[in-house]
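Novice: Once you've had a glance at the structure underneath, I'll fire off some questions.
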Amino acid sequence: MKIRMDTAGLRQSKWYEYVFRFVFGGTVTALAGLIAKRFGPEIGGLFLAFPAILPASATLIEKHEKQKKERSGKAGAGRGKAAAGVDAIGASMGAIGLAVFALIVWLRLPESGTGMVLAGATLAWFITSVSVWKLREVLWRRVRKGSKQY
Amino acid sequence: MKEILLRVIVGGGVVSAFALLGDLLKPKSFAGLFGAAPSVALATLVLTVMKEGKAYASTEARSMVLGALAFFLYACVVGRLLIRRRMPVLSTAGLATTVWFGCAFGLWFAVLR
């Protein structure tokens, strides 16, 4: 499957959905800081990888996909749930990259510049996540091709 | 109070930027990668280094590795329940955070404590 940009996704979102994400993301960041302050960095650090945004974005994806199907006169409830599920599977691959990000920050931050470590770790997150996604695509295609032959 | 407000603004901005990027990309499984972007971590770590120093932020990152592994398990469970069982999205994604809590604290207890 080819990766592409599609601005239609932006048109589907309402302004208050962006505000909701902003407030939600900001609240989680503030809470992560407060938890670290109260319980120390060892517990606080766990919450840097808390899946706070996933429930909100999965709900929005379901809503948009459902509306799209219903506009074309079809029932969209099942399709909406499946689309949200596919998004979550994508997030699971991103989480592998997130572990690599954390590993790099943990090992490199004490000796290197903060900006460089965070930029490098973010790049590593992206490369790892995309590589895992690509690998899964290739394997999935082979499995499907194989099952068609038998 | 000032610090909390700063965290809300920086965190909200970084999270929104990654979410916007995810909205723009297709297919959906690829866009989903951005659901696990290091947005909260980036916002938090910059402010933590400024206030508490690098050693403190590095300790947070060590625990974050375990949090990310718990995130992986959480997202797999949510994805499977939504695709195979077609369960309600918000309650599934919300209730499955117990999987994250169980896994993250279980790993922390086993590895770091």
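Each chain in the structure tokens gets a letter, A, B, ..., in the order shown, and its residues are numbered from 1; ligands are numbered from 1 in order too.
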With a distance cut-off of 8 Å and only C-alpha atoms, select the neighbouring residues of Ile89 of chain A, excluding the residue or stretch itself and same-chain residues fewer than 3 positions from it, and output the selection as a short mmCIF file (atom, residue, chain, number, x, y, z; two decimals) with N, CA and C atoms, in the first residue's frame.
Specialist:
data_model
loop_
_atom_site.label_atom_id
_atom_site.label_comp_id
_atom_site.auth_asym_id
_atom_site.auth_seq_id
_atom_site.Cartn_x
_atom_site.Cartn_y
_atom_site.Cartn_z
N GLY A 85 -9.88 0.29 14.69
CA GLY A 85 -9.02 -0.85 15.02
C GLY A 85 -7.74 -0.84 14.21
N VAL A 86 -7.85 -0.51 12.92
CA VAL A 86 -6.66 -0.44 12.06
C VAL A 86 -5.73 0.67 12.56
N SER A 92 0.28 0.41 17.54
CA SER A 92 1.11 -0.63 18.18
C SER A 92 2.50 -0.67 17.53
N MET A 93 2.55 -0.42 16.23
CA MET A 93 3.85 -0.38 15.53
C MET A 93 4.61 0.89 15.92
N SER B 29 -3.50 2.53 8.65
CA SER B 29 -2.55 1.83 9.52
C SER B 29 -1.26 2.64 9.66
N GLY B 32 -1.86 5.65 11.85
CA GLY B 32 -1.94 5.19 13.23
C GLY B 32 -0.60 5.25 13.96
N ALA B 75 -2.23 -1.33 22.55
CA ALA B 75 -2.71 -1.04 21.19
C ALA B 75 -3.07 -2.32 20.44
N CYS B 76 -2.29 -3.40 20.66
CA CYS B 76 -2.60 -4.69 20.03
C CYS B 76 -3.97 -5.20 20.50
N VAL B 78 -6.49 -3.43 21.83
CA VAL B 78 -7.57 -2.56 21.34
C VAL B 78 -7.84 -2.85 19.85
N GLY B 79 -6.78 -2.93 19.06
CA GLY B 79 -6.93 -3.19 17.62
C GLY B 79 -7.66 -4.49 17.35
N ARG B 80 -7.25 -5.54 18.06
CA ARG B 80 -7.86 -6.86 17.87
C ARG B 80 -9.34 -6.86 18.27
#
Novice: For Val99 of chain B, work out the shell of residues within 8 Å, counting only C-alpha atoms and skipping chain neighbours fewer than 6 positions away, then give it as number ranges by chain.
Specialist: B: 70, 73-74
Novice: What does the file look like for those residues with C-alpha atoms, as an mmCIF file, in the first residue's frame?
Specialist:
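selection.cif, freshly written:
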data_model
loop_
_atom_site.group_PDB
_atom_site.id
_atom_site.type_symbol
_atom_site.label_atom_id
_atom_site.label_comp_id
_atom_site.auth_asym_id
_atom_site.auth_seq_id
_atom_site.Cartn_x
_atom_site.Cartn_y
_atom_site.Cartn_z
ATOM 1 C CA ALA B 70 2.890 -1.612 27.773
ATOM 2 C CA LEU B 73 0.397 -4.531 24.238
ATOM 3 C CA TYR B 74 -2.469 -2.075 24.875
#
Novice: I need the contact residues of chain B against chain A, so if you could list those with any atom within 7 Å, counting only C-alpha atoms, and return them as a PyMOL selection string, that would help.
Specialist: chain B and resi 4+7-13+15-16+23-38+40-41+44+54-56+58-69+71-72+75-76+78-80+82-83+86+89-90+93-94+104
Novice: Can I get the selected residues back with C-alpha atoms, as a tab-separated table (two decimals), in the first residue's frame?
Specialist:
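Below is the file selection_9.tsv, written as the result:
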chain	number	residue	atom	x	y	z
B	4	ILE	CA	1.49	23.59	34.83
B	7	ARG	CA	3.15	22.18	30.26
B	8	VAL	CA	-0.47	22.38	29.04
B	9	ILE	CA	0.45	24.79	26.24
B	10	VAL	CA	3.64	23.03	25.10
B	11	GLY	CA	2.09	19.56	25.46
B	12	GLY	CA	-1.12	20.56	23.70
B	13	GLY	CA	0.87	22.08	20.83
B	15	VAL	CA	0.28	16.53	20.60
B	16	SER	CA	-1.90	18.54	18.15
B	23	ASP	CA	-4.92	13.17	9.85
B	24	LEU	CA	-3.10	14.03	6.64
B	25	LEU	CA	-1.63	10.60	5.95
B	26	LYS	CA	-3.09	7.52	4.31
B	27	PRO	CA	-3.44	4.51	4.66
B	28	LYS	CA	-4.98	4.40	8.13
B	29	SER	CA	-2.55	1.83	9.52
B	30	PHE	CA	0.33	4.19	8.61
B	31	ALA	CA	-1.45	7.24	10.06
B	32	GLY	CA	-1.94	5.19	13.23
B	33	LEU	CA	1.85	5.29	13.83
B	34	PHE	CA	1.36	8.91	14.88
B	35	GLY	CA	-1.00	7.78	17.66
B	36	ALA	CA	2.16	6.54	19.39
B	37	ALA	CA	4.34	9.54	18.54
B	38	PRO	CA	6.61	10.74	21.36
B	40	VAL	CA	3.97	13.94	25.50
B	41	ALA	CA	7.56	12.77	26.04
B	44	THR	CA	7.81	16.84	29.11
B	54	LYS	CA	19.63	15.58	32.49
B	55	ALA	CA	20.05	12.76	35.04
B	56	TYR	CA	16.43	13.15	36.22
B	58	SER	CA	17.26	10.13	31.76
B	59	THR	CA	15.73	8.21	34.69
B	60	GLU	CA	12.27	9.12	33.37
B	61	ALA	CA	13.26	7.83	29.91
B	62	ARG	CA	14.40	4.50	31.41
B	63	SER	CA	10.90	3.95	32.83
B	64	MET	CA	9.41	5.18	29.58
B	65	VAL	CA	10.89	2.12	27.79
B	66	LEU	CA	8.61	-0.04	29.95
B	67	GLY	CA	5.66	2.31	29.39
B	68	ALA	CA	6.19	1.97	25.62
B	69	LEU	CA	6.17	-1.85	25.83
B	71	PHE	CA	1.58	0.75	25.06
B	72	PHE	CA	2.42	-1.88	22.41
B	75	ALA	CA	-2.71	-1.04	21.19
B	76	CYS	CA	-2.60	-4.69	20.03
B	78	VAL	CA	-7.57	-2.56	21.34
B	79	GLY	CA	-6.93	-3.19	17.62
B	80	ARG	CA	-7.86	-6.86	17.87
B	82	LEU	CA	-12.23	-3.53	17.45
B	83	ILE	CA	-11.43	-5.41	14.24
B	86	ARG	CA	-16.44	-4.93	16.62
B	89	VAL	CA	-14.67	2.11	20.45
B	90	LEU	CA	-14.58	4.52	23.40
B	93	ALA	CA	-10.07	1.94	24.29
B	94	GLY	CA	-10.87	3.36	27.74
B	104	ALA	CA	3.56	-0.94	32.84
Novice: For the atom pair atom CA of Ala17 of chain B and atom CA of Phe101 of chain B, what is the interatomic distance in Å to one decimal place?
Specialist: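 Spanning atom CA of Ala17 of chain B to atom CA of Phe101 of chain B is a straight-line distance of 26.3 Å.
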Novice: For the alpha helix (DSSP H) assignment from backbone DSSP, which residues of chain A qualify? Please present them as a ChimeraX atom specification.
Specialist: /A:8-12,15-39,41-44,53-71,77-108,114-149
Novice: Using atom CA of Lys2 of chain B and atom CA of Leu47 of chain B as the two end points, give the distance in Å to one decimal.
Specialist: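 Result for atom CA of Lys2 of chain B versus atom CA of Leu47 of chain B: 12.4 Å, one decimal.
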Novice: Nearest to Lys51 of chain B: which of B:Met87, B:Val111, B:Phe105, B:Glu3 is it, counting only C-alpha atoms?
Specialist: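 Under the stated criterion, the closest residue is B:Glu3.
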Novice: Take atom CA of Arg144 of chain A and atom CA of Lys68 of chain A and report the distance between them in Å, one decimal.
Specialist: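 Rounded to one decimal, the two atoms are 27.8 Å apart.
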